[in-house]
Each structure stands twice: as structure tokens, then as C-alpha cells.
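Written out below as C-alpha cells is the structure these notes cover.
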Amino acid sequence: AERPTQIVQPGGPVPPPPPRRRSTTEPPTQAPLPAKAEAAWRTEVDILRREGEALRERDPAKAALLYGAIAQIATSVMNDPSTTAAALHAASQLLPGTGLVRERWIALLSRRDAAVAQRWDRALELGRAELPLVGDPHERVALLLDIATIEELVSGDLAHARIALEEAREIDPANVAVLEALAEIYLVAGEWEKLVAALSSMADTTSDVVFRSMLRHGAGQIQEVMLNQRAQARASYKIALNDDMTNLPAAASLSSLALLQEDWGELARVLVAEADLVDDPRTVRRLCERAGDLYWERLGDAENSTAAYRRAALATPDEPAPLRKLAAVLESNARWRELVDVYVAELPLVKDPEERADLHHRIGEVYEVSLGRLDDAVAAGRAALEAVPTHMPTLQALGALYRAAERWSDLADMDLREAERIAEPERRAARYYEVADLVERRLGDQPHAISLYERCLDLVPGHRAAFAALDGLYRREERWRDIVGIYERQAQAVGDPNRVRFYKQEIGRLWRERVPNADKAAQAYRDALAIDAPDLAPQILLATTLEQAQRWELLVDVLEKLTGQLAEKTDQIAMLHRLGRVLETQLGQEERALAAHARVLELNPVNETSLRAIGRLHYRAGRWLDVITSYGRQLTLATTPEDQAALY
């Protein structure tokens, strides 16, 4: 028997099984006989007829058999219906008995002759008459199947065809031809329960596992779509997959049903099984990734979700999505070493510099916070900065690492590379100053520090902090002419009369005591006396003296007073920066340092030096929401998309 076509997916019509095998009543086609052969056979028929006539009176039974032989030859060889009919009639007259049929062979040959002549009513009549004469179960089933075929296909009498087929099924429940015919009738009649039973019986009788799996799947779809028996349909789909794991439609139906029933575990398992049946890598990735989503998001099953995501990643090594989902699961379960491996595997797939920097930064975080491998964390941070030199999270994290490990040279190099990439003069000057201060305090490299302070003043003439630092360094090296030069530049750059008066006084003293020039000294003093402003010299000189003596607590008090006495915001901000630096780096009073920088932001809400300092101090204290806030406030200063992306 031919295999039935696949039942369609739920929601569509259920197609009928294909035509069942050819009925035994249908005559085989014959080629016409050559003339010589036909003449020979007719001679043979004449001989048999004469013998039959001769035996009619003496041995009627034998004569009937001779007429039967004539009918066989006429039907099978000569294709001569009229001769066949005459011979069978003569045979029936010779045999004893009454009724339509006296012996079965006459009925069989007569039915065959009627079928050849396409006299279906006659063939059906003879078949029904033949039934009482048939005792062998297999022959009776074959006859019932022939009768049902004529009634169904020729007469259109499905009711009587069904009666014949059901009788045949009672005799032989495993007869595939009978079951197929009944399945057709049940389908047309919409008797879904009986159709399911017929398909199940057909599946039980076949040894072909692929065919059996298809039949089970067809039965399951009828149960699901037509009978709304989802539990039974699900069982049928499972049996179909047990028979044939490559039955993709059965896997799809089972996954669809599991989705409708919200059985996430079953659905995930079927999706993984379905992935085994397909060869397309992207389809495998989609199925396994979806299974991983179900295991993780619906079931919280870390092990199975990890396995599914790994398989999805292996199917399409060029796709980062499965790796990112796998990383999320591993991170949630604190599987840090595996997480790093996944991040490293993702790196070759990431081309965007911002994404690469972020990925390296995450690797560094895991190394630092979760694995305690600080050297590896530093290496990851450096790789992030190679991708994006201004990547703010990495700068903060790597800066904290360097400070904790007192790797001042590395910190200075990192900050200097960042400063070199800033285009705006004021922002670059601020970074140069921070690096110079670090180089001076932590590395003791005065020439390098002086060079950076000078670059800062070249970019922003009048930079208060750089001027104060150079003043101190030049004095240590007794570079008096250089000191005079920066004081003269500073006096021209500031607008606060108090500060100008102080600078002029100091220029006069330097010309008088350090670089002897009476005329210039006199002119400087005259310029100072012409300015009517309070004398800040004692306070400024006291602050310088205390700083040189490292009397930090006393210096803090003096700086606080000076801040209140200065008129220009720029000078006040510079003094508060100096105050915050002393509190942070010399006294370790980070909260007071934060307060000093907060006062700066009251004067200038977008002062980058204080915003960076506040972010750094909050980062060190682990106050992450405050860190985020400081990043957000720095966004207004970011002038390039790269800087903005790094902050975001």
C-alpha cells in the first residue's frame, strides 16, 4: 500500500489518505493477440467445446469444467467477453443446484467477466452471491474488499461499502488495505474517533518505522485539531517521535502544542530535539537559542539554558547574540571563569570600537572584582583604552586599580594619553595639570612636572593652579627669571585687583632681591600702589609657607579664608580645587574633598575638574548611583560622539 500524505498543520483542513491499492476486480490490461496465436487459441476452444458437448449427458460435472476452461481462456488470453459469458452460462446449466451460483469457481469467473465488461452492478450482485460460498478468512477478506471497492468507487454507496469493510476488519484487524479504505470513509464522514483508531491500527500493523511515525503524527493532528484532545494528541506526537526521531513535522506539532499549553519544559526539549533534525546552521541556532530562552527565562534552569546557548553559539560562530545570552546566565550564576571565556570568544565578533572597549572593560571587572586577578584586570583595561582612549568606565576602574596598587607611573601614562586626545584647550590644560600634580607628588619627577605645568599655562594663560605649582617648583630650582616671567604673565591674565596688586608686589620684590634691576622693581611697586585693594600678600605667602612645610591642617584653614577673600569666580574655583586636592591626597578626608568640589559646582555647574574628581571619589567609595550622576553631568562637556558614547 502507498503511504498516506502528511496531515497538515493544526488549523488547516485534514487531507484524505491516498487511493488504496487496486481492487482484485479490476482486470489487467491485455495486448491484442497476433492473428496466428488467436487462430490457435480458437481451435483449442472449439476442441474443448466439442468435448464438453460430448460429455454433457454422460458426465455433466466434467463438461462444466471444460466450459470453465473455455471461459478462462476467453477472458485471460483472448479478451473475448461474449465467449466467456456463453461458456459460463453453459457451465452453470450443467451443474446441479439452484440459485444464482452453483459452485464458487463459476461465481468467481462470472464476477471477473462482469468486471472486465465493466458491468459493475452484475459484478456486485455476483460478489454478494459468492460470499456464502467462501470459508477461508483471507479469501473472504479479499472478496469483501472487492465488494466495498465497487460499492464505494463505482456505486457511491458508502454505507454498504463501510459494512463490508468493517466485516473484513473483524476478520482481519491488521489488514492494511481494509484499514486504509475505512480511513477514507471515516474521513469523508467526519468520524474522527474512528479515523484515529484506524490510523493507530495501521501504525500497529506496519514494520516501517518511518511510515508508522507518520501515521501516529496524523492521528495526533486529528486528535488535536478535530477532537480538541490535546493530551491524547501530545501522546501521539511523542510516540511518533519515539518511532522516528527525524520526523520533523511531528516535532513541530509537539512544540506548537506545548506552546499552546505553556509547557515550557516540554517545548524547550522539543526545540532542542528539532534542532537535531535540521542541517541549516542558522535554523539550529534559532531553535537552540529559543530553547535556551525558555530554560532560563521561564524555568530558571541554568544548566540546560547554558547547554542550549552553547550549542546555538557553536552552530553559528559568527553570531554574537547566543554568546551574550550565555554570558548573562553565567554572570547570574557567578560562573566567573566561564564568563571570561565567553567574553573572550565574543571579542573577534565585535568590530565597533565602543563595543570592544565595553567588552574589555567587563572582562577587567570580572578579573578584578570576582577573580582577584589584578594583573589580568589591568591588561583588560589597557585593551579597552586601546579601542577607545576616552572610555570613561575603564578610565575610572583602571585609575582606581593603579591607585590601589600605587602604580603611579602607569596611572600617569594613562592619564597623559587621555589628555593628548582632547582637542579643547581648557579641558586639555585641566588634564595636563592633573598629570603634572601626580608626577610631582608621587613620582618626584620635577622636570617632567614642570614641562606639563608649562604646557598647561601655554594652553590657558592665567591657569591658577598651574601657576601656583610652577611658582613652587621654580623657587626650588632658583629659576628667578622664570618666576618673574610667569608672575608678569599672570598679572596680565587675571582681573581681580587683589590678585593683581599681590603679583605686582611680588614682581617688585623679585626684581629687587633675586634679579637685581632697580628700575623694574620701582615700576612694579608703583603699579602695585596704584591699585586700591586689600593686601592679600600675607595670606598667600602663608599658604605657600605652610604647603612647603607640609602643615596640611593649617593650610586647609588658610585656603578656606582665602577663598572667601577672592573676588573672581575663577580664583575662587582654583583655590577650592587646591583645597580639595589637599583634603583628598594629603589628609585622606574624601568627604570634605567632595564638599569642596560641590562648592565649585555651585560656582560653575560644568567644571570638568570637579565633576571628574567627584566621580572618582564616589567610584572609590562604591556609590554607583552618584557615579552615574557625575557621568551624566559630564555629558554636557563631551563635544564628540566618541566622548558621549564613552560616558553613556
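Ordered as shown in the C-alpha cells, chains take letters A, B, and onward, while each chain numbers its residues from 1 and ligands are numbered from 1 in the order shown.
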Within 9 Å of range 334-346 of chain A, counting only C-alpha atoms, which residues show up once you throw out same-chain ones fewer than 2 positions away? Write them as an MDAnalysis selection string, please. chainID A and resid 319:320 323:324 326:332 348:350 359:360 362:363 366:367 370:371
If you run DSSP on the backbone, which residues of range 134-348 of chain A are helix (DSSP H, G or I), as a PyMOL selection string? chain A and resi 137-154+158-171+176-189+192-205+209-225+230-243+248-260+264-275+281-298+302-315+321-332+336-348
Tell me, as a ChimeraX atom specification, which residues lie within 10 Å of Glu642 in chain A, counting only C-alpha atoms; anything in the same chain fewer than 2 positions away does not count. /A:353-354,388-391,638-640,644-648
Written selection (C-alpha atoms) as a PDB file, in the first residue's frame:
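The file below, selection.pdb, is the result:
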ATOM      1  CA  PRO A 353      35.343  50.296  19.000  1.00  0.00           C
ATOM      2  CA  GLU A 354      32.837  51.275  21.693  1.00  0.00           C
ATOM      3  CA  VAL A 388      38.557  53.888  22.950  1.00  0.00           C
ATOM      4  CA  PRO A 389      41.105  56.040  24.823  1.00  0.00           C
ATOM      5  CA  THR A 390      38.332  58.082  26.470  1.00  0.00           C
ATOM      6  CA  HIS A 391      36.250  55.128  27.672  1.00  0.00           C
ATOM      7  CA  ALA A 638      31.510  65.996  25.704  1.00  0.00           C
ATOM      8  CA  THR A 639      31.955  67.525  22.264  1.00  0.00           C
ATOM      9  CA  THR A 640      32.445  64.380  20.176  1.00  0.00           C
ATOM     10  CA  GLN A 644      29.432  60.952  24.616  1.00  0.00           C
ATOM     11  CA  ALA A 645      29.311  57.223  23.879  1.00  0.00           C
ATOM     12  CA  ALA A 646      32.017  56.541  26.461  1.00  0.00           C
ATOM     13  CA  LEU A 647      30.077  58.418  29.126  1.00  0.00           C
ATOM     14  CA  TYR A 648      26.824  56.676  28.234  1.00  0.00           C
TER      15      TYR A 648
END
Each residue of range 113-220 of chain A lying at most 10 Å from range 249-258 of chain A should get a row with its shortest atom-to-atom pair and the distance in Å to one decimal, counting only C-alpha atoms; could you produce that, ordered by chain and increasing number, as a Markdown table?
| residue | atom | partner | partner_atom | distance |
| --- | --- | --- | --- | --- |
| A:Ser213 | CA | A:Ala250 | CA | 8.2 |
| A:Met214 | CA | A:Ala250 | CA | 7.9 |
| A:Arg216 | CA | A:Ala250 | CA | 8.8 |
| A:His217 | CA | A:Ala250 | CA | 5.7 |
| A:Gly218 | CA | A:Ala250 | CA | 8.8 |
| A:Gly220 | CA | A:Ser253 | CA | 8.8 |
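Of the listed residues (A:Val460, A:Leu199, A:Ala412, A:Leu187), A:Val460 comes nearest to Glu426 in chain A; the distances count only C-alpha atoms.
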For Ala37 in chain A, work out the shell of residues within 12 Å, counting only C-alpha atoms and skipping chain neighbours fewer than 6 positions away, then give it as a ChimeraX atom specification. /A:43-44,77-78
Store the residues of this selection in a file with C-alpha atoms, as a short mmCIF file (atom, residue, chain, number, x, y, z; two decimals), in the first residue's frame.
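This went into again.cif:
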data_model
loop_
_atom_site.label_atom_id
_atom_site.label_comp_id
_atom_site.auth_asym_id
_atom_site.auth_seq_id
_atom_site.Cartn_x
_atom_site.Cartn_y
_atom_site.Cartn_z
CA THR A 43 -9.02 -24.03 -32.33
CA GLU A 44 -8.32 -25.02 -28.73
CA VAL A 77 -5.89 -14.84 -23.25
CA MET A 78 -8.34 -13.86 -25.95
#
Considering only C-alpha atoms, return as a VMD selection string whatever protein or nucleic-acid residues lie within 6 Å of Gln223 in chain A, sequence-local ones (same chain, fewer than 5 positions apart) excluded. chain A and resid 228 to 229 233
With N, CA, C and O atoms kept, could you save the residues just selected as a compact mmCIF listing (two decimals), in the first residue's frame?
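As written to disk, part34.txt reads:
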# COMPACT_ATOMS: atom_id res chain seq x y z
N ASN A 228 -10.03 18.19 19.64
CA ASN A 228 -9.59 19.02 20.76
C ASN A 228 -9.14 18.17 21.95
O ASN A 228 -9.34 18.51 23.11
N GLN A 229 -8.52 17.06 21.64
CA GLN A 229 -7.98 16.17 22.67
C GLN A 229 -6.47 16.39 22.75
O GLN A 229 -5.67 15.63 22.21
N ALA A 233 -3.39 13.98 21.82
CA ALA A 233 -2.57 14.38 20.68
C ALA A 233 -1.11 14.46 21.07
O ALA A 233 -0.21 14.01 20.33
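Between CA of Leu416 in chain A and CA of Val435 in chain A lies a distance of 6.4 Å.
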Quick one: contact table of range 548-591 of chain A to range 482-501 of chain A, 8 Å max, nearest atom pair and distance in Å to one decimal per residue, counting only C-alpha atoms, chain and number order, as JSON lines?
{"residue": "A:Leu566", "atom": "CA", "partner": "A:Asn498", "partner_atom": "CA", "distance": 7.4}
{"residue": "A:Ala567", "atom": "CA", "partner": "A:Asp496", "partner_atom": "CA", "distance": 6.1}
{"residue": "A:Glu568", "atom": "CA", "partner": "A:Asp496", "partner_atom": "CA", "distance": 5.9}
Could you pull the residues within 10 Å of Val600 in chain A, counting only C-alpha atoms, minus those fewer than 5 positions along the same chain, as an mmCIF file with N, CA and C atoms, in the first residue's frame?
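result.cif written:
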data_model
loop_
_atom_site.group_PDB
_atom_site.id
_atom_site.type_symbol
_atom_site.label_atom_id
_atom_site.label_comp_id
_atom_site.auth_asym_id
_atom_site.auth_seq_id
_atom_site.Cartn_x
_atom_site.Cartn_y
_atom_site.Cartn_z
ATOM 1 N N LYS A 569 35.368 84.505 40.347
ATOM 2 C CA LYS A 569 34.983 83.095 40.446
ATOM 3 C C LYS A 569 36.131 82.179 40.044
ATOM 4 N N THR A 570 36.874 82.599 39.031
ATOM 5 C CA THR A 570 37.975 81.760 38.568
ATOM 6 C C THR A 570 38.986 81.530 39.681
ATOM 7 N N GLN A 572 38.367 81.811 42.928
ATOM 8 C CA GLN A 572 37.726 81.020 43.986
ATOM 9 C C GLN A 572 37.744 79.527 43.628
ATOM 10 N N ILE A 573 37.427 79.255 42.368
ATOM 11 C CA ILE A 573 37.414 77.849 41.932
ATOM 12 C C ILE A 573 38.810 77.249 42.031
ATOM 13 N N ALA A 574 39.818 78.001 41.610
ATOM 14 C CA ALA A 574 41.189 77.492 41.698
ATOM 15 C C ALA A 574 41.570 77.197 43.141
ATOM 16 N N MET A 575 41.180 78.082 44.068
ATOM 17 C CA MET A 575 41.510 77.871 45.476
ATOM 18 C C MET A 575 40.763 76.650 46.031
ATOM 19 N N LEU A 576 39.507 76.467 45.626
ATOM 20 C CA LEU A 576 38.745 75.294 46.084
ATOM 21 C C LEU A 576 39.328 74.001 45.506
ATOM 22 N N HIS A 577 39.809 74.052 44.276
ATOM 23 C CA HIS A 577 40.474 72.871 43.714
ATOM 24 C C HIS A 577 41.710 72.517 44.540
ATOM 25 N N GLY A 580 40.494 70.976 47.758
ATOM 26 C CA GLY A 580 40.045 69.598 47.578
ATOM 27 C C GLY A 580 41.197 68.640 47.377
ATOM 28 N N LEU A 594 34.957 66.067 48.744
ATOM 29 C CA LEU A 594 33.714 66.109 47.966
ATOM 30 C C LEU A 594 32.969 67.425 48.197
ATOM 31 N N ALA A 595 32.935 67.861 49.453
ATOM 32 C CA ALA A 595 32.238 69.113 49.769
ATOM 33 C C ALA A 595 32.900 70.298 49.066
ATOM 34 N N PRO A 605 28.571 74.921 37.356
ATOM 35 C CA PRO A 605 28.000 73.558 37.349
ATOM 36 C C PRO A 605 28.658 72.600 36.362
ATOM 37 N N VAL A 606 29.406 73.124 35.399
ATOM 38 C CA VAL A 606 30.011 72.235 34.400
ATOM 39 C C VAL A 606 31.529 72.232 34.507
ATOM 40 N N ASN A 607 32.054 72.492 35.688
ATOM 41 C CA ASN A 607 33.504 72.454 35.862
ATOM 42 C C ASN A 607 33.980 71.006 35.787
ATOM 43 N N THR A 609 36.934 69.542 36.011
ATOM 44 C CA THR A 609 37.880 69.033 37.010
ATOM 45 C C THR A 609 37.142 68.536 38.244
ATOM 46 N N SER A 610 36.191 69.319 38.723
ATOM 47 C CA SER A 610 35.438 68.902 39.915
ATOM 48 C C SER A 610 34.493 67.749 39.606
ATOM 49 N N LEU A 611 33.872 67.756 38.417
ATOM 50 C CA LEU A 611 32.997 66.635 38.056
ATOM 51 C C LEU A 611 33.780 65.324 38.012
#
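Interatomic distance, CA of Ala177 in chain A against CA of Ala148 in chain A: 11.3 Å.
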